[in-house]
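Colleague: Next up, query.tsv (TSV, C-alpha atoms).
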```
chain	number	residue	atom	x	y	z
A	1	MET	CA	101.30	33.67	71.59
A	2	THR	CA	99.48	35.78	74.13
A	3	GLU	CA	101.07	38.86	75.68
A	4	ASP	CA	102.00	36.86	78.78
A	5	GLU	CA	103.63	34.19	76.65
A	6	ILE	CA	105.74	36.59	74.60
A	7	LEU	CA	106.82	38.41	77.78
A	8	ALA	CA	107.89	35.07	79.21
A	9	ALA	CA	109.62	33.96	76.00
A	10	ILE	CA	111.82	37.01	75.44
A	11	LEU	CA	114.20	37.97	78.22
A	12	ASP	CA	114.53	41.69	78.91
A	13	LEU	CA	111.18	42.41	77.28
A	14	HIS	CA	109.05	44.57	79.56
A	15	GLN	CA	105.30	44.88	79.33
A	16	ARG	CA	105.48	48.67	79.29
A	17	ASP	CA	107.85	48.65	76.29
A	18	LEU	CA	105.81	46.09	74.39
A	19	GLU	CA	102.64	48.08	74.92
A	20	SER	CA	104.27	51.32	73.84
A	21	TRP	CA	105.64	49.63	70.69
A	22	CYS	CA	102.12	48.42	69.89
A	23	ALA	CA	100.75	51.92	70.54
A	24	ARG	CA	103.33	53.35	68.12
A	25	GLY	CA	102.35	50.77	65.53
A	26	TRP	CA	105.82	49.18	65.45
A	27	VAL	CA	104.26	45.85	66.36
A	28	ARG	CA	100.75	45.07	65.23
A	29	PRO	CA	99.47	41.87	66.83
A	30	ALA	CA	96.09	40.49	65.90
A	31	LEU	CA	93.48	41.95	68.22
A	32	ASP	CA	90.21	40.20	68.75
A	33	GLY	CA	88.07	41.82	71.40
A	34	GLU	CA	89.95	41.33	74.64
A	35	THR	CA	92.59	38.92	73.43
A	36	THR	CA	95.85	39.81	71.71
A	37	GLU	CA	97.54	37.24	69.51
A	38	TYR	CA	101.22	37.65	68.65
A	39	ARG	CA	101.85	35.69	65.47
A	40	ALA	CA	105.27	34.30	64.58
A	41	VAL	CA	105.99	37.35	62.42
A	42	ASP	CA	105.10	39.69	65.31
A	43	VAL	CA	107.41	37.76	67.64
A	44	ALA	CA	110.25	37.99	65.11
A	45	ARG	CA	109.68	41.73	64.83
A	46	VAL	CA	109.75	42.13	68.62
A	47	HIS	CA	113.07	40.24	68.64
A	48	LEU	CA	114.40	42.61	66.00
A	49	ILE	CA	113.35	45.68	68.00
A	50	CYS	CA	114.87	44.25	71.20
A	51	GLU	CA	118.16	43.59	69.41
A	52	MET	CA	118.26	47.02	67.85
A	53	ARG	CA	117.87	48.49	71.31
A	54	ARG	CA	120.14	46.23	73.30
A	55	ASP	CA	122.76	44.98	70.85
A	56	LEU	CA	122.90	47.78	68.32
A	57	ALA	CA	122.37	50.59	70.87
A	58	VAL	CA	119.78	52.30	68.68
A	59	ASN	CA	117.51	54.70	70.58
A	60	ASP	CA	113.72	54.84	70.13
A	61	GLU	CA	113.79	57.58	67.50
A	62	GLY	CA	116.42	55.65	65.58
A	63	ILE	CA	114.31	52.52	65.76
A	64	ALA	CA	111.34	54.39	64.26
A	65	VAL	CA	113.50	55.47	61.31
A	66	ALA	CA	115.09	52.02	60.94
A	67	LEU	CA	111.75	50.20	60.98
A	68	ASP	CA	110.35	52.53	58.34
A	69	LEU	CA	113.38	51.91	56.11
A	70	ILE	CA	113.29	48.17	56.81
A	71	ASP	CA	109.63	48.05	55.80
A	72	GLN	CA	110.42	49.93	52.61
A	73	LEU	CA	113.36	47.62	51.91
A	74	TYR	CA	111.24	44.49	52.21
A	75	ASN	CA	108.46	46.05	50.18
A	76	THR	CA	110.92	46.79	47.40
A	77	ARG	CA	112.45	43.32	47.64
A	78	ALA	CA	108.99	41.79	47.40
A	79	ARG	CA	108.36	43.75	44.20
A	80	LEU	CA	111.74	42.80	42.74
A	81	HIS	CA	111.13	39.20	43.67
A	82	ALA	CA	107.76	39.22	41.89
A	83	LEU	CA	109.36	40.91	38.88
A	84	GLY	CA	112.18	38.35	38.82
A	85	GLU	CA	109.73	35.46	38.95
A	86	ALA	CA	107.77	36.97	36.08
A	87	ILE	CA	110.92	37.40	33.98
A	88	LEU	CA	112.08	33.84	34.69
A	89	GLY	CA	108.76	32.62	33.30
A	90	GLN	CA	109.43	34.25	29.92
A	91	PRO	CA	110.84	32.53	26.84
A	92	GLU	CA	114.61	32.69	26.52
A	93	ASP	CA	114.75	35.36	23.84
A	94	VAL	CA	112.58	37.66	25.93
A	95	ARG	CA	114.79	37.04	28.98
A	96	ASN	CA	117.91	37.85	26.96
A	97	GLU	CA	116.33	41.03	25.68
A	98	ILE	CA	115.49	42.10	29.24
A	99	GLU	CA	118.98	41.25	30.46
A	100	LEU	CA	120.49	43.37	27.72
A	101	LEU	CA	118.25	46.31	28.58
A	102	VAL	CA	119.02	46.01	32.29
A	103	ARG	CA	122.79	45.95	31.64
A	104	ARG	CA	122.51	48.99	29.44
A	105	THR	CA	120.39	50.89	32.01
A	106	MET	CA	122.80	50.07	34.82
A	107	GLY	CA	125.77	50.94	32.67
A	108	GLY	CA	127.10	47.39	32.83
B	1	MET	CA	130.33	24.52	64.97
B	2	ALA	CA	133.84	25.65	64.34
B	3	ASN	CA	134.58	27.83	67.32
B	4	ARG	CA	136.91	30.56	66.28
B	5	ASP	CA	138.79	32.55	68.83
B	6	PRO	CA	136.21	35.08	70.09
B	7	TYR	CA	138.87	37.83	70.18
B	8	GLU	CA	139.49	37.18	66.51
B	9	VAL	CA	135.76	37.18	65.72
B	10	LEU	CA	135.28	40.57	67.36
B	11	GLY	CA	138.60	41.85	66.01
B	12	VAL	CA	139.94	43.00	69.38
B	13	GLY	CA	143.14	42.25	71.24
B	14	LYS	CA	143.45	40.18	74.41
B	15	GLY	CA	143.92	43.37	76.41
B	16	ALA	CA	140.80	45.11	75.08
B	17	SER	CA	138.68	46.93	77.66
B	18	GLU	CA	135.06	46.02	78.33
B	19	GLU	CA	134.02	49.10	76.38
B	20	ASP	CA	136.22	48.19	73.40
B	21	ILE	CA	134.58	44.78	73.31
B	22	ARG	CA	131.08	46.22	73.56
B	23	ASN	CA	131.77	48.74	70.81
B	24	ALA	CA	133.28	46.10	68.55
B	25	TYR	CA	130.28	43.86	69.14
B	26	ARG	CA	127.79	46.62	68.39
B	27	ALA	CA	129.54	47.61	65.18
B	28	LEU	CA	129.65	44.01	63.95
B	29	ALA	CA	126.06	43.30	65.00
B	30	LYS	CA	124.92	46.34	63.04
B	31	THR	CA	126.76	45.13	59.97
B	32	HIS	CA	125.69	41.52	60.15
B	33	HIS	CA	122.18	41.47	61.63
B	34	PRO	CA	120.25	39.15	59.26
B	35	ASP	CA	117.16	41.37	59.22
B	36	LEU	CA	119.29	44.25	57.96
B	37	ASN	CA	120.85	41.99	55.30
B	38	PRO	CA	117.91	40.25	53.66
B	39	GLY	CA	119.87	39.44	50.50
B	40	ASP	CA	122.83	37.84	52.25
B	41	ALA	CA	122.26	34.20	53.17
B	42	LYS	CA	125.49	34.06	55.20
B	43	ALA	CA	124.61	37.00	57.42
B	44	GLU	CA	122.83	34.75	59.92
B	45	ALA	CA	125.89	32.56	60.45
B	46	ARG	CA	128.14	35.60	60.84
B	47	PHE	CA	125.70	37.24	63.26
B	48	LYS	CA	125.60	34.06	65.34
B	49	ASP	CA	129.42	33.94	65.44
B	50	VAL	CA	129.51	37.52	66.62
B	51	GLN	CA	126.83	36.90	69.24
B	52	GLY	CA	128.63	33.75	70.39
B	53	ALA	CA	131.92	35.62	70.76
B	54	TYR	CA	130.20	38.36	72.74
B	55	ASP	CA	128.51	35.76	74.95
B	56	VAL	CA	132.00	34.77	76.08
B	57	LEU	CA	133.79	38.13	76.14
B	58	GLY	CA	130.88	40.38	77.11
B	59	GLU	CA	130.74	39.04	80.65
B	60	PRO	CA	133.94	39.74	82.58
B	61	GLU	CA	133.63	36.49	84.58
B	62	LYS	CA	133.21	34.31	81.50
B	63	ARG	CA	135.96	36.19	79.75
B	64	ALA	CA	138.33	35.52	82.66
B	65	LYS	CA	137.44	31.82	82.58
B	66	PHE	CA	138.06	31.72	78.85
B	67	ASP	CA	141.40	33.50	79.28
B	68	ARG	CA	142.40	30.91	81.90
B	69	GLY	CA	141.37	28.14	79.53
B	70	GLU	CA	138.57	26.91	81.79
B	71	ILE	CA	135.90	27.16	79.10
B	72	ASP	CA	136.15	26.99	75.34
B	73	ALA	CA	134.83	29.48	72.83
B	74	SER	CA	131.48	27.79	72.36
B	75	GLY	CA	129.83	30.15	74.82
B	76	GLN	CA	126.23	29.39	75.23
B	77	GLU	CA	124.30	27.79	72.40
B	78	ARG	CA	121.66	30.14	71.17
B	79	PRO	CA	118.43	28.44	70.22
B	80	ASN	CA	117.60	28.58	66.55
B	81	ARG	CA	115.02	31.19	65.93
B	82	GLN	CA	113.18	32.73	63.07
B	83	TYR	CA	114.36	36.13	62.01
B	84	TYR	CA	112.03	38.81	60.83
B	85	ARG	CA	113.40	38.47	57.30
B	86	ASP	CA	112.20	34.85	57.25
B	87	PHE	CA	108.68	36.30	57.13
B	88	ALA	CA	109.17	39.59	55.42
B	89	ASP	CA	111.44	38.71	52.54
B	90	GLY	CA	110.17	37.78	49.10
B	91	GLY	CA	106.79	39.26	49.92
B	92	GLY	CA	105.73	36.34	52.07
B	93	PRO	CA	102.21	36.64	53.38
B	94	GLY	CA	103.43	36.74	56.99
B	95	ALA	CA	104.76	40.27	57.00
B	96	ARG	CA	102.47	41.76	54.39
B	97	HIS	CA	100.78	43.94	56.95
B	98	TYR	CA	104.13	45.47	57.87
B	99	THR	CA	105.88	45.78	54.53
B	100	PHE	CA	102.87	46.52	52.38
B	101	ARG	CA	100.27	49.03	53.35
B	102	GLU	CA	96.89	47.53	53.97
B	103	GLY	CA	95.13	46.53	50.75
B	104	GLU	CA	98.29	47.01	48.72
B	105	ARG	CA	98.65	43.70	46.91
B	106	PRO	CA	99.45	42.97	43.30
B	107	GLN	CA	95.93	41.79	42.60
B	108	ASP	CA	94.56	45.10	43.86
B	109	PHE	CA	96.42	47.17	41.28
B	110	GLU	CA	94.18	48.11	38.38
B	111	ASP	CA	97.09	47.59	36.07
B	112	LEU	CA	99.76	45.05	36.96
B	113	GLY	CA	102.18	47.36	35.14
B	114	ASP	CA	101.77	49.84	37.99
B	115	PHE	CA	103.04	47.26	40.40
B	116	PHE	CA	106.17	46.54	38.40
B	117	ALA	CA	106.73	50.17	37.49
B	118	ASN	CA	106.66	51.00	41.17
B	119	VAL	CA	109.40	48.66	42.23
B	120	PHE	CA	110.62	51.44	44.46
B	121	GLY	CA	107.48	51.84	46.47
B	122	ASP	CA	104.46	54.03	46.09
B	123	ARG	CA	106.19	57.04	44.68
B	124	ALA	CA	103.12	57.87	42.66
B	125	LYS	CA	103.42	59.07	39.11
B	126	PRO	CA	102.75	62.79	38.79
B	127	GLY	CA	99.03	63.37	38.58
B	128	ALA	CA	98.21	59.90	39.87
B	129	PRO	CA	95.95	59.79	42.90
B	130	PHE	CA	97.94	59.91	46.10
B	131	GLN	CA	96.91	57.05	48.34
B	132	ALA	CA	97.78	57.05	52.01
B	133	PRO	CA	96.45	55.48	55.17
B	134	GLY	CA	94.51	57.64	57.61
B	135	GLY	CA	96.17	58.78	60.81
B	136	ASP	CA	95.66	57.26	64.24
B	137	VAL	CA	93.61	59.20	66.73
B	138	ARG	CA	94.44	59.15	70.42
B	139	TYR	CA	92.02	59.45	73.29
B	140	GLU	CA	92.23	59.21	77.02
B	141	LEU	CA	89.47	57.35	78.78
B	142	THR	CA	89.06	57.66	82.54
B	143	ILE	CA	87.57	54.61	84.19
B	144	GLU	CA	86.59	53.74	87.72
B	145	PHE	CA	88.97	51.64	89.79
B	146	LEU	CA	86.57	48.68	89.82
B	147	GLU	CA	86.04	48.88	86.06
B	148	GLY	CA	89.78	48.41	85.68
B	149	VAL	CA	89.73	45.43	88.03
B	150	ASN	CA	86.66	43.63	86.78
B	151	GLY	CA	86.60	44.77	83.14
B	152	ALA	CA	83.75	46.77	81.65
B	153	LYS	CA	82.02	47.82	78.48
B	154	LYS	CA	82.25	51.54	77.79
B	155	ARG	CA	80.71	53.64	75.10
B	156	ILE	CA	82.38	56.88	74.08
B	157	THR	CA	81.31	59.49	71.59
B	158	MET	CA	84.14	60.86	69.51
B	159	PRO	CA	84.44	64.52	68.51
B	160	ASP	CA	83.00	63.71	65.07
B	161	GLY	CA	79.88	62.20	66.66
B	162	LYS	CA	80.86	58.60	65.93
B	163	VAL	CA	80.13	56.22	68.81
B	164	LEU	CA	82.77	53.71	69.90
B	165	ASP	CA	82.09	50.65	72.03
B	166	ILE	CA	85.12	49.69	74.07
B	167	SER	CA	85.76	46.55	76.08
B	168	ILE	CA	87.96	47.26	79.08
B	169	PRO	CA	89.85	44.00	79.66
B	170	LEU	CA	89.96	42.34	83.09
B	171	GLY	CA	92.75	43.74	85.21
B	172	ALA	CA	93.34	46.80	83.03
B	173	VAL	CA	96.05	49.07	84.43
B	174	ASP	CA	96.52	52.81	84.43
B	175	GLY	CA	98.32	53.90	81.27
B	176	GLN	CA	97.38	50.81	79.25
B	177	VAL	CA	96.60	51.57	75.62
B	178	LEU	CA	93.84	49.83	73.70
B	179	ARG	CA	93.98	49.86	69.89
B	180	LEU	CA	90.73	49.89	67.97
B	181	ARG	CA	91.57	49.02	64.41
B	182	GLY	CA	89.96	51.08	61.67
B	183	LYS	CA	88.41	53.60	64.09
B	184	GLY	CA	90.82	56.43	63.31
B	185	LEU	CA	90.95	59.00	60.53
B	186	PRO	CA	89.78	58.01	57.05
B	187	GLY	CA	92.48	57.23	54.48
B	188	PHE	CA	93.24	59.38	51.45
B	189	GLU	CA	92.02	58.26	48.04
B	190	GLY	CA	90.90	54.87	49.24
B	191	GLY	CA	93.77	54.27	51.68
B	192	PRO	CA	92.93	52.32	54.82
B	193	THR	CA	91.42	54.01	57.85
B	194	GLY	CA	93.73	54.65	60.80
B	195	ASP	CA	93.26	53.28	64.30
B	196	ALA	CA	91.90	54.74	67.50
B	197	LEU	CA	94.30	54.45	70.44
B	198	ILE	CA	92.61	54.64	73.82
B	199	ALA	CA	94.88	55.32	76.79
B	200	LEU	CA	93.24	54.26	80.05
B	201	ARG	CA	93.37	56.39	83.19
B	202	VAL	CA	92.22	54.52	86.25
B	203	LYS	CA	90.74	56.63	89.07
B	204	PRO	CA	91.91	55.91	92.60
B	205	HIS	CA	89.45	54.18	94.94
B	206	LYS	CA	88.47	55.31	98.44
B	207	LEU	CA	89.09	51.88	99.96
B	208	PHE	CA	91.24	49.85	97.58
B	209	ARG	CA	94.80	50.29	96.37
B	210	ARG	CA	96.31	48.13	93.67
B	211	ASP	CA	99.74	46.57	93.56
B	212	GLY	CA	99.89	44.53	90.37
B	213	ASN	CA	97.18	41.93	90.71
B	214	ASP	CA	96.96	42.32	94.49
B	215	VAL	CA	94.57	44.71	96.19
B	216	HIS	CA	95.23	46.33	99.56
B	217	ILE	CA	92.69	47.69	102.01
B	218	ASP	CA	92.89	49.27	105.47
B	219	LEU	CA	90.42	47.55	107.76
B	220	ALA	CA	89.26	49.27	110.95
B	221	ILE	CA	88.35	47.01	113.89
B	222	THR	CA	87.18	47.74	117.41
B	223	LEU	CA	89.21	47.14	120.53
B	224	GLY	CA	86.88	44.26	121.35
B	225	GLU	CA	87.34	42.64	117.92
B	226	ALA	CA	91.10	43.05	118.22
B	227	ILE	CA	91.29	41.35	121.61
B	228	LEU	CA	88.57	38.73	121.37
B	229	GLY	CA	88.65	37.97	117.63
B	230	ALA	CA	85.61	38.24	115.37
B	231	LYS	CA	84.13	37.39	112.03
B	232	ILE	CA	83.52	40.58	110.05
B	233	ASP	CA	82.37	41.54	106.57
B	234	VAL	CA	85.10	42.94	104.31
B	235	PRO	CA	84.47	44.68	101.00
B	236	THR	CA	86.50	43.22	98.08
B	237	PRO	CA	86.49	44.18	94.38
B	238	GLY	CA	84.26	41.17	93.77
B	239	GLY	CA	81.78	41.78	96.63
B	240	THR	CA	81.61	41.39	100.39
B	241	VAL	CA	83.46	38.48	101.99
B	242	ALA	CA	83.46	37.25	105.62
B	243	LEU	CA	86.88	37.42	107.26
B	244	SER	CA	87.91	35.84	110.58
B	245	ILE	CA	89.98	38.11	112.79
B	246	PRO	CA	92.03	35.94	115.15
B	247	GLN	CA	92.12	36.71	118.85
B	248	HIS	CA	94.70	39.32	119.88
B	249	SER	CA	95.13	40.92	116.45
B	250	ASN	CA	97.18	44.10	116.55
B	251	THR	CA	97.18	47.24	114.43
B	252	GLY	CA	99.36	46.62	111.37
B	253	LYS	CA	98.60	42.90	111.19
B	254	VAL	CA	98.02	41.91	107.57
B	255	LEU	CA	95.46	39.26	106.70
B	256	ARG	CA	95.36	37.75	103.24
B	257	LEU	CA	92.20	36.78	101.36
B	258	ARG	CA	93.48	34.47	98.68
B	259	GLY	CA	92.09	35.01	95.19
B	260	LYS	CA	90.07	38.09	96.16
B	261	GLY	CA	92.28	40.57	94.31
B	262	VAL	CA	92.36	41.41	90.59
B	263	PRO	CA	91.21	38.70	88.19
B	264	ASN	CA	93.93	37.59	85.81
B	265	ARG	CA	93.71	39.11	82.35
B	266	ARG	CA	92.78	35.80	80.85
B	267	GLY	CA	90.21	35.22	83.56
B	268	GLU	CA	92.18	32.52	85.33
B	269	GLY	CA	94.06	32.91	88.59
B	270	HIS	CA	93.44	35.94	90.72
B	271	GLY	CA	95.55	38.27	92.78
B	272	ASP	CA	95.00	38.38	96.54
B	273	LEU	CA	93.39	40.91	98.84
B	274	TYR	CA	95.52	42.11	101.77
B	275	ALA	CA	93.69	43.68	104.69
B	276	THR	CA	95.85	45.75	107.07
B	277	LEU	CA	94.18	45.98	110.45
B	278	ARG	CA	93.75	49.26	112.37
B	279	VAL	CA	92.49	49.01	115.88
B	280	LEU	CA	90.26	52.01	116.71
B	281	LEU	CA	89.21	53.12	120.21
B	282	PRO	CA	85.60	54.15	120.71
B	283	GLU	CA	85.05	57.69	119.44
B	284	LYS	CA	84.12	59.09	122.85
B	285	PRO	CA	85.90	58.27	126.12
B	286	ASP	CA	84.16	55.50	128.02
B	287	ASP	CA	84.13	55.60	131.82
B	288	ASP	CA	84.11	51.81	132.30
B	289	LEU	CA	87.00	51.36	129.95
B	290	THR	CA	88.99	54.17	131.54
B	291	THR	CA	88.46	52.77	135.05
B	292	PHE	CA	89.45	49.29	133.93
B	293	ILE	CA	92.53	50.46	132.04
B	294	GLU	CA	93.77	52.62	134.92
B	295	LYS	CA	94.01	49.52	137.07
B	296	TRP	CA	95.14	47.20	134.30
B	297	ALA	CA	97.88	49.50	133.00
B	298	ARG	CA	99.33	49.91	136.45
B	299	GLU	CA	99.55	46.16	136.94
B	300	HIS	CA	100.61	45.20	133.37
B	301	PRO	CA	103.20	47.65	132.04
B	302	TYR	CA	104.67	46.68	128.63
B	303	ASP	CA	107.29	48.33	126.45
B	304	VAL	CA	106.31	49.11	122.86
B	305	ARG	CA	109.05	51.60	121.97
B	306	GLN	CA	112.13	49.57	122.65
B	307	ALA	CA	112.91	49.11	118.93
B	308	MET	CA	112.43	52.82	118.37
B	309	GLU	CA	114.84	53.70	121.16
B	310	GLN	CA	117.46	51.36	119.75
B	311	ALA	CA	117.11	52.79	116.28
B	312	ARG	CA	117.92	56.34	117.36
```
Since I need it in another form, could you write the structure as structure tokens?
Modeller:
Amino acid sequence: MTEDEILAAILDLHQRDLESWCARGWVRPALDGETTEYRAVDVARVHLICEMRRDLAVNDEGIAVALDLIDQLYNTRARLHALGEAILGQPEDVRNEIELLVRRTMGG
Amino acid sequence: MANRDPYEVLGVGKGASEEDIRNAYRALAKTHHPDLNPGDAKAEARFKDVQGAYDVLGEPEKRAKFDRGEIDASGQERPNRQYYRDFADGGGPGARHYTFREGERPQDFEDLGDFFANVFGDRAKPGAPFQAPGGDVRYELTIEFLEGVNGAKKRITMPDGKVLDISIPLGAVDGQVLRLRGKGLPGFEGGPTGDALIALRVKPHKLFRRDGNDVHIDLAITLGEAILGAKIDVPTPGGTVALSIPQHSNTGKVLRLRGKGVPNRRGEGHGDLYATLRVLLPEKPDDDLTTFIEKWAREHPYDVRQAMEQAR
């Protein structure tokens, strides 16, 4: 999507806001010379920011904090996901061993 | 879709005020927003229910219709859309440049053990090199009015002596920020370089004023051109253009030159140029004109201040 297209697709999205979010690094569309391409993931992130502002009544400073935490959350989930996949690929006795260790660590 | 009573969904009574409803909606949206609940598959359905209920109760008119039984609780169907978590969760490639710092991928870790050991992010082990991306640097670049309209290539030298080539896009506006990736401060210990952010300041022009994609100009014409009509040359951002002034054109008349304003950012479709006419008398009094007008004015009085009198 170009900037014009995303502005047309999302109601209550103003060019000035979108440009300031890009300047703050909240949204990072693909830039290629003079053209700006908003990929599906960028559009979804713009939706999220709009909803935080309008529906959740979070102010700009709150959004900066929330986005940072959200990015960390997904980073951590990606690592856990990779770890989980790796464990699932192990033989059963190894998996059981890991499960036991995890339960003990978590006090379960 | 099973449409539950929207009052029940938002947990408010029939007599709730608009503010109660808004507060209830915000609290529930915060709790159930799918992007804030990546591990909960049902969050999306709950969030949609809450949004649907608010669609009905959030607008006093719709709420009144619902209360009178004129509409049901279905509200307005929201189109299915992809949430941010659809890209970001599970380390999908889509959101990698948001959730992972640039270059931070499992295959880039010297030891895969580091990746697993650091499930909780890059809290580096004591003594381990601290990697971080470089900061962004911000500049202001002042450009001429016509460079903003027609686009331009600019070269700036940064404080550290590095030279940056910048393309000003067509139709650039005052305050617009251009991001030059990787032109900021160097990263720490191999972290990615930050970006350069260039805020544009557009200088005013002696003739042209911009209003979005349209350009306005004041155009002086002689008394003769105003009364008899004429074809005159008009400067536009794209070069001189011939403009026909119709007979009997007054001060304040606005003539439009279609497509002679600011080119569209994508190079297609232009704004228009609006020329506001100003009739100017000759600089020095002219005897012939004065003699003629003395007679003419006596025989042809006309009232130009009637509207002003009425407005008092």
Colleague: Provide as an NGL selection string the residues of chain A at most 6 Å from chain B, counting all atoms listed in the file.
Modeller: :A and (34 or 44-45 or 55-56 or 71 or 74-76 or 78-79 or 81)
Colleague: Using all atoms listed in the file, determine which residues lie at most 12 Å from Arg53 of chain A, disregarding the query and same-chain residues fewer than 5 positions distant; provide the list as a count of residues only.
Modeller: 17
Colleague: Pick the closest to Trp26 of chain A from A:Leu80, A:Leu73, A:Ala57, A:Ile49: which is it, counting only C-alpha atoms?
Modeller: A:Ile49
Colleague: Counting all atoms listed in the file, note down every residue that has an atom within 12 Å of the point (116.5, 46.4, 31.2) (file coordinates), as a list in words.
Modeller: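 Neighbouring residues, ordered by chain and number, come to Leu83, Gly84, Ile87, Val94, Arg95, Asn96, Glu97, Ile98, Glu99, Leu100, Leu101, Val102, Arg103, Arg104, Thr105, Met106, Gly107 and Gly108 of chain A.
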Colleague: Can you tell me how far atom CA of Val43 of chain A sits from atom CA of Val65 of chain A, in Å to one decimal?
Modeller: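 Those two atoms sit 19.8 Å apart.
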Colleague: Give me, please, the distance in Å between atom CA of Val173 of chain B and atom CA of Asp211 of chain B, quoted to one decimal.
Modeller: 10.2 Å
Colleague: If you measure from atom CA of Lys65 of chain B to atom CA of Asp5 of chain B, what distance in Å do you get, rounded to one decimal?
Modeller: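 Atom CA of Asp5 of chain B lies at a distance of 13.8 Å from atom CA of Lys65 of chain B.
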Colleague: Measuring between only C-alpha atoms, which one of B:Leu223, B:Ala242, B:Leu255, B:Val262 shows the shortest distance to Thr276 of chain B?
Modeller: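 Checking each candidate against Thr276 of chain B, we get B:Leu255 as the closest.
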Colleague: Neighbours of Ile227 of chain B within 6 Å (all atoms listed in the file; same-chain residues fewer than 2 positions away dropped), as a list of chain:residue names?
Modeller: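 Contacts, in chain order: B:Gly224, B:Glu225, B:Gly229, B:Gln247, B:His248.
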Colleague: Working from the structure I just supplied, which lacks atoms in segment 8-21 of chain A, can you model N, CA, C and O atoms there and output them as a JSON list (two decimals), in the frame of the given file?
Modeller:
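Written file, out.json:
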```
[["chain", "number", "residue", "atom", "x", "y", "z"],
["A", 8, "ALA", "N", 107.12, 36.14, 78.57],
["A", 8, "ALA", "CA", 107.89, 35.07, 79.21],
["A", 8, "ALA", "C", 108.97, 34.55, 78.27],
["A", 8, "ALA", "O", 110.04, 34.12, 78.71],
["A", 9, "ALA", "N", 108.71, 34.59, 76.95],
["A", 9, "ALA", "CA", 109.62, 33.96, 76.00],
["A", 9, "ALA", "C", 110.85, 34.82, 75.72],
["A", 9, "ALA", "O", 111.91, 34.31, 75.39],
["A", 10, "ILE", "N", 110.71, 36.13, 75.79],
["A", 10, "ILE", "CA", 111.82, 37.01, 75.44],
["A", 10, "ILE", "C", 112.35, 37.68, 76.70],
["A", 10, "ILE", "O", 111.65, 38.46, 77.34],
["A", 11, "LEU", "N", 113.59, 37.35, 77.05],
["A", 11, "LEU", "CA", 114.20, 37.97, 78.22],
["A", 11, "LEU", "C", 114.36, 39.46, 77.96],
["A", 11, "LEU", "O", 114.47, 39.89, 76.84],
["A", 12, "ASP", "N", 114.42, 40.22, 78.93],
["A", 12, "ASP", "CA", 114.53, 41.69, 78.91],
["A", 12, "ASP", "C", 113.42, 42.38, 78.13],
["A", 12, "ASP", "O", 113.59, 43.51, 77.72],
["A", 13, "LEU", "N", 112.31, 41.71, 77.90],
["A", 13, "LEU", "CA", 111.18, 42.41, 77.28],
["A", 13, "LEU", "C", 110.21, 42.79, 78.39],
["A", 13, "LEU", "O", 109.76, 41.94, 79.14],
["A", 14, "HIS", "N", 109.94, 44.11, 78.50],
["A", 14, "HIS", "CA", 109.05, 44.57, 79.56],
["A", 14, "HIS", "C", 107.69, 44.92, 78.98],
["A", 14, "HIS", "O", 107.60, 45.44, 77.87],
["A", 15, "GLN", "N", 106.67, 44.65, 79.78],
["A", 15, "GLN", "CA", 105.30, 44.88, 79.33],
["A", 15, "GLN", "C", 105.11, 46.32, 78.87],
["A", 15, "GLN", "O", 104.50, 46.58, 77.85],
["A", 16, "ARG", "N", 105.68, 47.27, 79.63],
["A", 16, "ARG", "CA", 105.48, 48.67, 79.29],
["A", 16, "ARG", "C", 106.05, 48.97, 77.90],
["A", 16, "ARG", "O", 105.44, 49.66, 77.09],
["A", 17, "ASP", "N", 107.24, 48.42, 77.61],
["A", 17, "ASP", "CA", 107.85, 48.65, 76.29],
["A", 17, "ASP", "C", 106.99, 48.04, 75.20],
["A", 17, "ASP", "O", 106.70, 48.67, 74.19],
["A", 18, "LEU", "N", 106.59, 46.78, 75.43],
["A", 18, "LEU", "CA", 105.81, 46.09, 74.39],
["A", 18, "LEU", "C", 104.54, 46.87, 74.10],
["A", 18, "LEU", "O", 104.18, 47.08, 72.93],
["A", 19, "GLU", "N", 103.88, 47.35, 75.14],
["A", 19, "GLU", "CA", 102.64, 48.08, 74.92],
["A", 19, "GLU", "C", 102.89, 49.40, 74.21],
["A", 19, "GLU", "O", 102.09, 49.82, 73.37],
["A", 20, "SER", "N", 104.02, 50.04, 74.53],
["A", 20, "SER", "CA", 104.27, 51.32, 73.84],
["A", 20, "SER", "C", 104.63, 51.06, 72.38],
["A", 20, "SER", "O", 104.28, 51.84, 71.50],
["A", 21, "TRP", "N", 105.32, 49.94, 72.09],
["A", 21, "TRP", "CA", 105.64, 49.63, 70.69],
["A", 21, "TRP", "C", 104.35, 49.36, 69.90],
["A", 21, "TRP", "O", 104.23, 49.74, 68.74]]
```
